[in-house]
Each structure stands twice: as structure tokens, then as C-alpha cells.
Amino acid sequence: MSVSVSGAAAEKNPWRSHTARICTITPETPGVRTYELELEDPVERDHYRFAAGQFNMLYLPGIGEAAISVSSDPAGRDTLAHTVRAVGNVTDALARLGPGDQVFVRGPFGTPWPVAEMLGRDVVIVAGGLGLASQRAAILFLMAERACRSVTVLHGAKRPDGLLYGREYDAWRAAGVAVHTIVNEADASWSGPVGLVTDLLTDSLRDPSATTILCCGPDPMMMGVAKAAIGRGVATRDVFLSLERNMACAVAHCGLCQFGPLFVCRDGPVLPYERIAELLRIPQV
Ligand SMILES: Cc1cc2nc3c(=O)[nH]c(=O)nc-3n(C[C@H](O)[C@H](O)[C@H](O)COP(=O)(O)OP(=O)(O)OC[C@H]3O[C@@H](n4cnc5c(N)ncnc54)[C@H](O)[C@@H]3O)c2cc1C
């Protein structure tokens, strides 16, 4: 069995969940909350490592498991953040829990954003809605590393109240990250641009041949971003997408997340666009 994980716990036994306590719950946008979890076993807590873009399976006994990106700083050792939208069995049940309650964590799993290879490059992070949850860890990593030439975050949401992590933008900007937001539908509170996140791309591509795109959101949005970026001179090999597919085992056994010849849980979720462009064009793969 080939298991693409980097955490010590998952390398030992990818099926084993570890208990964690909810330390804090931060409301983000309507129906979306960030849970700071502390692994209860101090040894597990010490050994747990993840890379930006990886995910955990959060398990609630008697209810089920859901794949959720780890959205905290990969250098953080105390707690693990997960930003969750309540949409179904597990996530609705999570929304009924409070600080001090217990959840089970299995992971980390999957491929990370290639943030360790960004020396001297312009990195443009493009996020649709909750997609930013999978990229927050990459933003925090790049802010700390300071190895790339520039970091730009382009974040689009349907409405202004769907923009994620708004309270953190000042800190990101203070650390040199350019943050631009756009919404599909404005309301009275909004004075920024209205349109699609791709509308923000042109102004952010100063040197396309030295630019890497990290994109997460609905498939049609990601395909639009990839095409627009490549059309403006970004190399196909420098565009990375994070796919979301229903998954159950997270270790390439059950086949639920099969995507052509790939298993999104093992070969993804982060994949180079050049590897999946053809598959994305086939409906219902
Ligand atoms: C790699 C990866 C990372 C992810 N990261 C995050 C993250 O950071 N945050 C986040 O919130 N989500 C994330 N997700 C998505 C999350 O895993 C899914 O939303 C998951 O299905 C939620 O589990 P659930 O049990 O709450 O929902 P489920 O009960 O599985 O329901 C999920 C959806 O399916 C619909 N549904 C359920 N049952 C049926 C049915 N019988 N017929 C028709 N429709 C049905 C529900 O209405 C809902 O829209 C990620 C997914 C992947 C693959």
C-alpha cells in the first residue's frame, strides 16, 4: 500500500484516529466556523506534522468522518485549525459541539501545496469561497519563510459576507502579502469590485514566467483561472489546483474519490494542472 502522508501518526497507522479537544470555535462566515483542536495525547501532539494543503479526517463516533483541510500555520505545534462549513452529517454535528468537546482526528493525508519550492517566485493564491481554508496554511507558511519574491491572495465570494478570514487581512498585508477581494453580488456594505475572481488575475501577473498559481475552489472556477493564467503566459506546469471529491478512507482503498487513474485522497488533493487538465474536461469523471 502506498500512502502519501507526512505525519508521523499517519505513517504509523493511517486508520487510527486520535482524540482531540475543541479549544476554541471562531465564527467566520454564515455557517462556517474555525475549530482549534488540541490532540489529547502529548506524544501524538509532539509528533504530528502536516504540510500546507493537507487534510485530516475528522470523526464523530456514531455519525461519520469528513475530510477537512488543516488551515493553521504548519509551524504551529499546539493546536490544529479546521475551518468547516456545516453542510451534512458530520459538519452539522460538529456545528452543535462547543469548546471542551471531543472529536477524533486521523491524518494528515494528501499532497501539499508546493510552497517549499517558491524561492524567488511570485506566488498568486486564488481562492473561491471556502477554498481559502486549504490555502491559509500556505499563506502563513510563505509569510514566515519570506523565500518567494511576492505573495498575492485573490479571494472571491458570492457575497461580501462569504469572504473568509477578513479579520486577518491587515496582518497578512503588514507581512507584505497583497490581498484583493471580489464578490459576485454586492450589498450596501460593499465598495470593492464586483465580478469573478479571474477578473483580478491580469493585474496580479507582473512576470508570468516567474509566477506560480495555487488555486482552490469549485472546478469551473479553477478551470477558468488556469486557462486565464496560462493564456497570459504562466507555464502550465506552474499552475496547481486542489480538488475536492467525496472521500471515505483517505488511503486509496475505497475508490470513492477516484478521478480517472488518480485517487484524490492519495494523489491529490493538490495536483499540477498539466496532470489533470484533460480529466477535468470530461464530464462526471
Ligand atoms: C481534500 C478535501 C478537503 C476538504 N476541506 C474542507 C474544509 O476545509 N472545510 C469544509 O467545510 N469542507 C471541506 N471539504 C469538504 C467536506 O469533506 C465535505 O463537505 C463533506 O462531505 C462533509 O461531510 P458531511 O458528513 O458533513 O456531509 P455529507 O453528509 O457527506 O453531505 C455532503 C453534501 O452531500 C449532500 N448529501 C448528503 N447526503 C445526500 C444524499 N443522500 N443525496 C443527495 N445529497 C446528499 C449534502 O446535502 C451535502 O451537500 C474537503 C473535502 C476534501 C476532499
# chains A, B, ... in the order shown; residues from 1 in each chain; ligands from 1
$ select_by_dssp --residues "range 3-245 of chain A" --states "helix (DSSP H, G or I)" --output "JSON, numbers by chain"
{"A": [8, 9, 10, 11, 12, 42, 43, 44, 45, 46, 47, 89, 90, 91, 92, 93, 94, 95, 115, 116, 117, 129, 130, 131, 132, 133, 134, 135, 136, 137, 138, 139, 140, 141, 142, 143, 144, 145, 160, 161, 162, 166, 167, 168, 169, 170, 171, 172, 173, 174, 197, 198, 199, 200, 201, 202, 203, 204, 208, 209, 210, 219, 220, 221, 222, 223, 224, 225, 226, 227, 228, 229, 230, 231, 236, 237, 238]}
$ residues_near_ligand --ligand "ligand 1" --cutoff "7 Å" --atoms "only C-alpha atoms and all ligand atoms" --output "list in words"
Phe55, Gly64, Glu65, Ala66, Ala67, Ile68, Ser69, Val70, His82, Thr83, Val84, Arg85, Ala86, Val87, Gly88, Asn89, Val90, Thr91, Asp92, Leu130, Ala133, Ser134, Leu243, Glu244, Arg245, Asn246, Met247, Cys265 and Pro269 of chain A
$ residues_around --residues "Thr198 in chain A" --least-positions-apart "6" --cutoff "10 Å" --atoms "only C-alpha atoms" --output "number ranges by chain"
A: 126, 128, 154-156, 182, 221-222, 224-229
$ write_last_selection --atoms "C-alpha atoms" --output "mmCIF file, in the first residue's frame"
data_model
loop_
_atom_site.group_PDB
_atom_site.id
_atom_site.type_symbol
_atom_site.label_atom_id
_atom_site.label_comp_id
_atom_site.auth_asym_id
_atom_site.auth_seq_id
_atom_site.Cartn_x
_atom_site.Cartn_y
_atom_site.Cartn_z
ATOM 1 C CA VAL A 126 -6.548 32.226 -5.991
ATOM 2 C CA GLY A 128 -13.131 30.735 -4.419
ATOM 3 C CA LEU A 154 -7.075 36.829 -4.779
ATOM 4 C CA HIS A 155 -10.237 35.821 -2.959
ATOM 5 C CA GLY A 156 -13.715 35.758 -4.470
ATOM 6 C CA ILE A 182 -14.133 40.473 -5.221
ATOM 7 C CA MET A 221 -13.725 28.425 -11.321
ATOM 8 C CA MET A 222 -10.375 26.592 -11.160
ATOM 9 C CA GLY A 224 -11.267 29.408 -15.630
ATOM 10 C CA VAL A 225 -8.335 30.566 -13.513
ATOM 11 C CA ALA A 226 -5.955 28.018 -15.073
ATOM 12 C CA LYS A 227 -6.948 28.973 -18.619
ATOM 13 C CA ALA A 228 -6.727 32.712 -17.902
ATOM 14 C CA ALA A 229 -3.317 32.387 -16.240
#
$ atom_distance --atom1 "CA of Gly255 in chain A" --atom2 "CA of Asp219 in chain A"
19.8 Å
$ atom_distance --atom1 "CA of Pro114 in chain A" --atom2 "CA of Gly131 in chain A"
16.5 Å
$ select_by_dssp --residues "range 59-191 of chain A" --states "strand (DSSP E or B)" --output "NGL selection string"
:A and (59-60 or 64-69 or 80-85 or 102-109 or 111 or 122-128 or 150-157 or 178-183)
$ residues_around --residues "range 73-79 of chain A" --least-positions-apart "2" --cutoff "9 Å" --atoms "only C-alpha atoms" --output "PyMOL selection string"
chain A and resi 23+36-39+45-46+48-52+70-71+81+136-141
$ residues_around --residues "Asp187 in chain A" --least-positions-apart "6" --cutoff "12 Å" --atoms "only C-alpha atoms" --output "list in words"
Lys158, Arg159, Pro160, Asp161, Gly162, Pro193 and Val194 of chain A
$ closest_atom_pairs --of "range 240-276 of chain A" --to "range 102-113 of chain A" --cutoff "12 Å" --atoms "only C-alpha atoms" --output "Markdown table"
| residue | atom | partner | partner_atom | distance |
| --- | --- | --- | --- | --- |
| A:Phe240 | CA | A:Trp113 | CA | 7.7 |
| A:Leu241 | CA | A:Trp113 | CA | 8.8 |
| A:Ser242 | CA | A:Trp113 | CA | 8.3 |
| A:Leu243 | CA | A:Thr111 | CA | 10.7 |
| A:Glu244 | CA | A:Gly110 | CA | 11.5 |
| A:Met247 | CA | A:Phe109 | CA | 11.6 |
| A:Ala248 | CA | A:Arg106 | CA | 11.7 |
| A:Cys249 | CA | A:Arg106 | CA | 10.2 |
| A:Ala250 | CA | A:Phe109 | CA | 6.8 |
| A:Val251 | CA | A:Phe109 | CA | 7.8 |
| A:Ala252 | CA | A:Gly110 | CA | 10.2 |
| A:Phe263 | CA | A:Gly110 | CA | 9.8 |
| A:Val264 | CA | A:Gly110 | CA | 7.8 |
| A:Cys265 | CA | A:Gly110 | CA | 5.5 |
| A:Arg266 | CA | A:Gly110 | CA | 5.1 |
| A:Asp267 | CA | A:Thr111 | CA | 6.5 |
| A:Gly268 | CA | A:Thr111 | CA | 5.1 |
| A:Pro269 | CA | A:Gly110 | CA | 5.9 |
| A:Val270 | CA | A:Thr111 | CA | 5.5 |
| A:Leu271 | CA | A:Thr111 | CA | 7.6 |
| A:Pro272 | CA | A:Trp113 | CA | 9.7 |
$ write_last_selection --atoms "C-alpha atoms" --output "JSON list (two decimals), in the first residue's frame"
[["chain", "number", "residue", "atom", "x", "y", "z"],
["A", 240, "PHE", "CA", -1.64, 23.88, -9.16],
["A", 241, "LEU", "CA", -5.24, 23.07, -8.25],
["A", 242, "SER", "CA", -6.70, 21.47, -5.12],
["A", 243, "LEU", "CA", -9.55, 19.11, -5.97],
["A", 244, "GLU", "CA", -12.49, 18.34, -3.73],
["A", 247, "MET", "CA", -13.90, 10.57, 0.04],
["A", 248, "ALA", "CA", -14.16, 7.97, 2.77],
["A", 249, "CYS", "CA", -10.97, 6.04, 3.53],
["A", 250, "ALA", "CA", -8.34, 8.71, 2.70],
["A", 251, "VAL", "CA", -5.78, 6.00, 1.91],
["A", 252, "ALA", "CA", -6.68, 4.99, -1.68],
["A", 263, "PHE", "CA", -7.22, 8.79, -6.19],
["A", 264, "VAL", "CA", -7.75, 12.34, -4.97],
["A", 265, "CYS", "CA", -7.05, 11.35, -1.34],
["A", 266, "ARG", "CA", -3.61, 9.94, -2.18],
["A", 267, "ASP", "CA", -2.50, 11.60, -5.44],
["A", 268, "GLY", "CA", -4.19, 14.91, -4.52],
["A", 269, "PRO", "CA", -5.88, 16.98, -3.38],
["A", 270, "VAL", "CA", -3.19, 19.32, -4.74],
["A", 271, "LEU", "CA", -2.34, 18.37, -8.32],
["A", 272, "PRO", "CA", -0.46, 20.09, -11.14]]
$ residues_around --residues "Val177 in chain A" --least-positions-apart "3" --cutoff "9 Å" --atoms "only C-alpha atoms" --output "number ranges by chain"
A: 139, 143, 150-153, 169, 171-174
$ atom_distance --atom1 "CA of Gly166 in chain A" --atom2 "CA of Leu60 in chain A"
29.2 Å
$ closest_residue --among "A:Ala116, A:Cys148, A:Val285, A:Leu80" --to "Thr24 in chain A" --atoms "only C-alpha atoms"
A:Leu80
$ closest_residue --among "A:Leu132, A:Met118, A:Leu164, A:Ala144" --to "Pro27 in chain A" --atoms "only C-alpha atoms"
A:Leu164
$ closest_residue --among "A:Leu142, A:Ala20, A:Val239, A:Val115" --to "Glu40 in chain A" --atoms "only C-alpha atoms"
A:Ala20
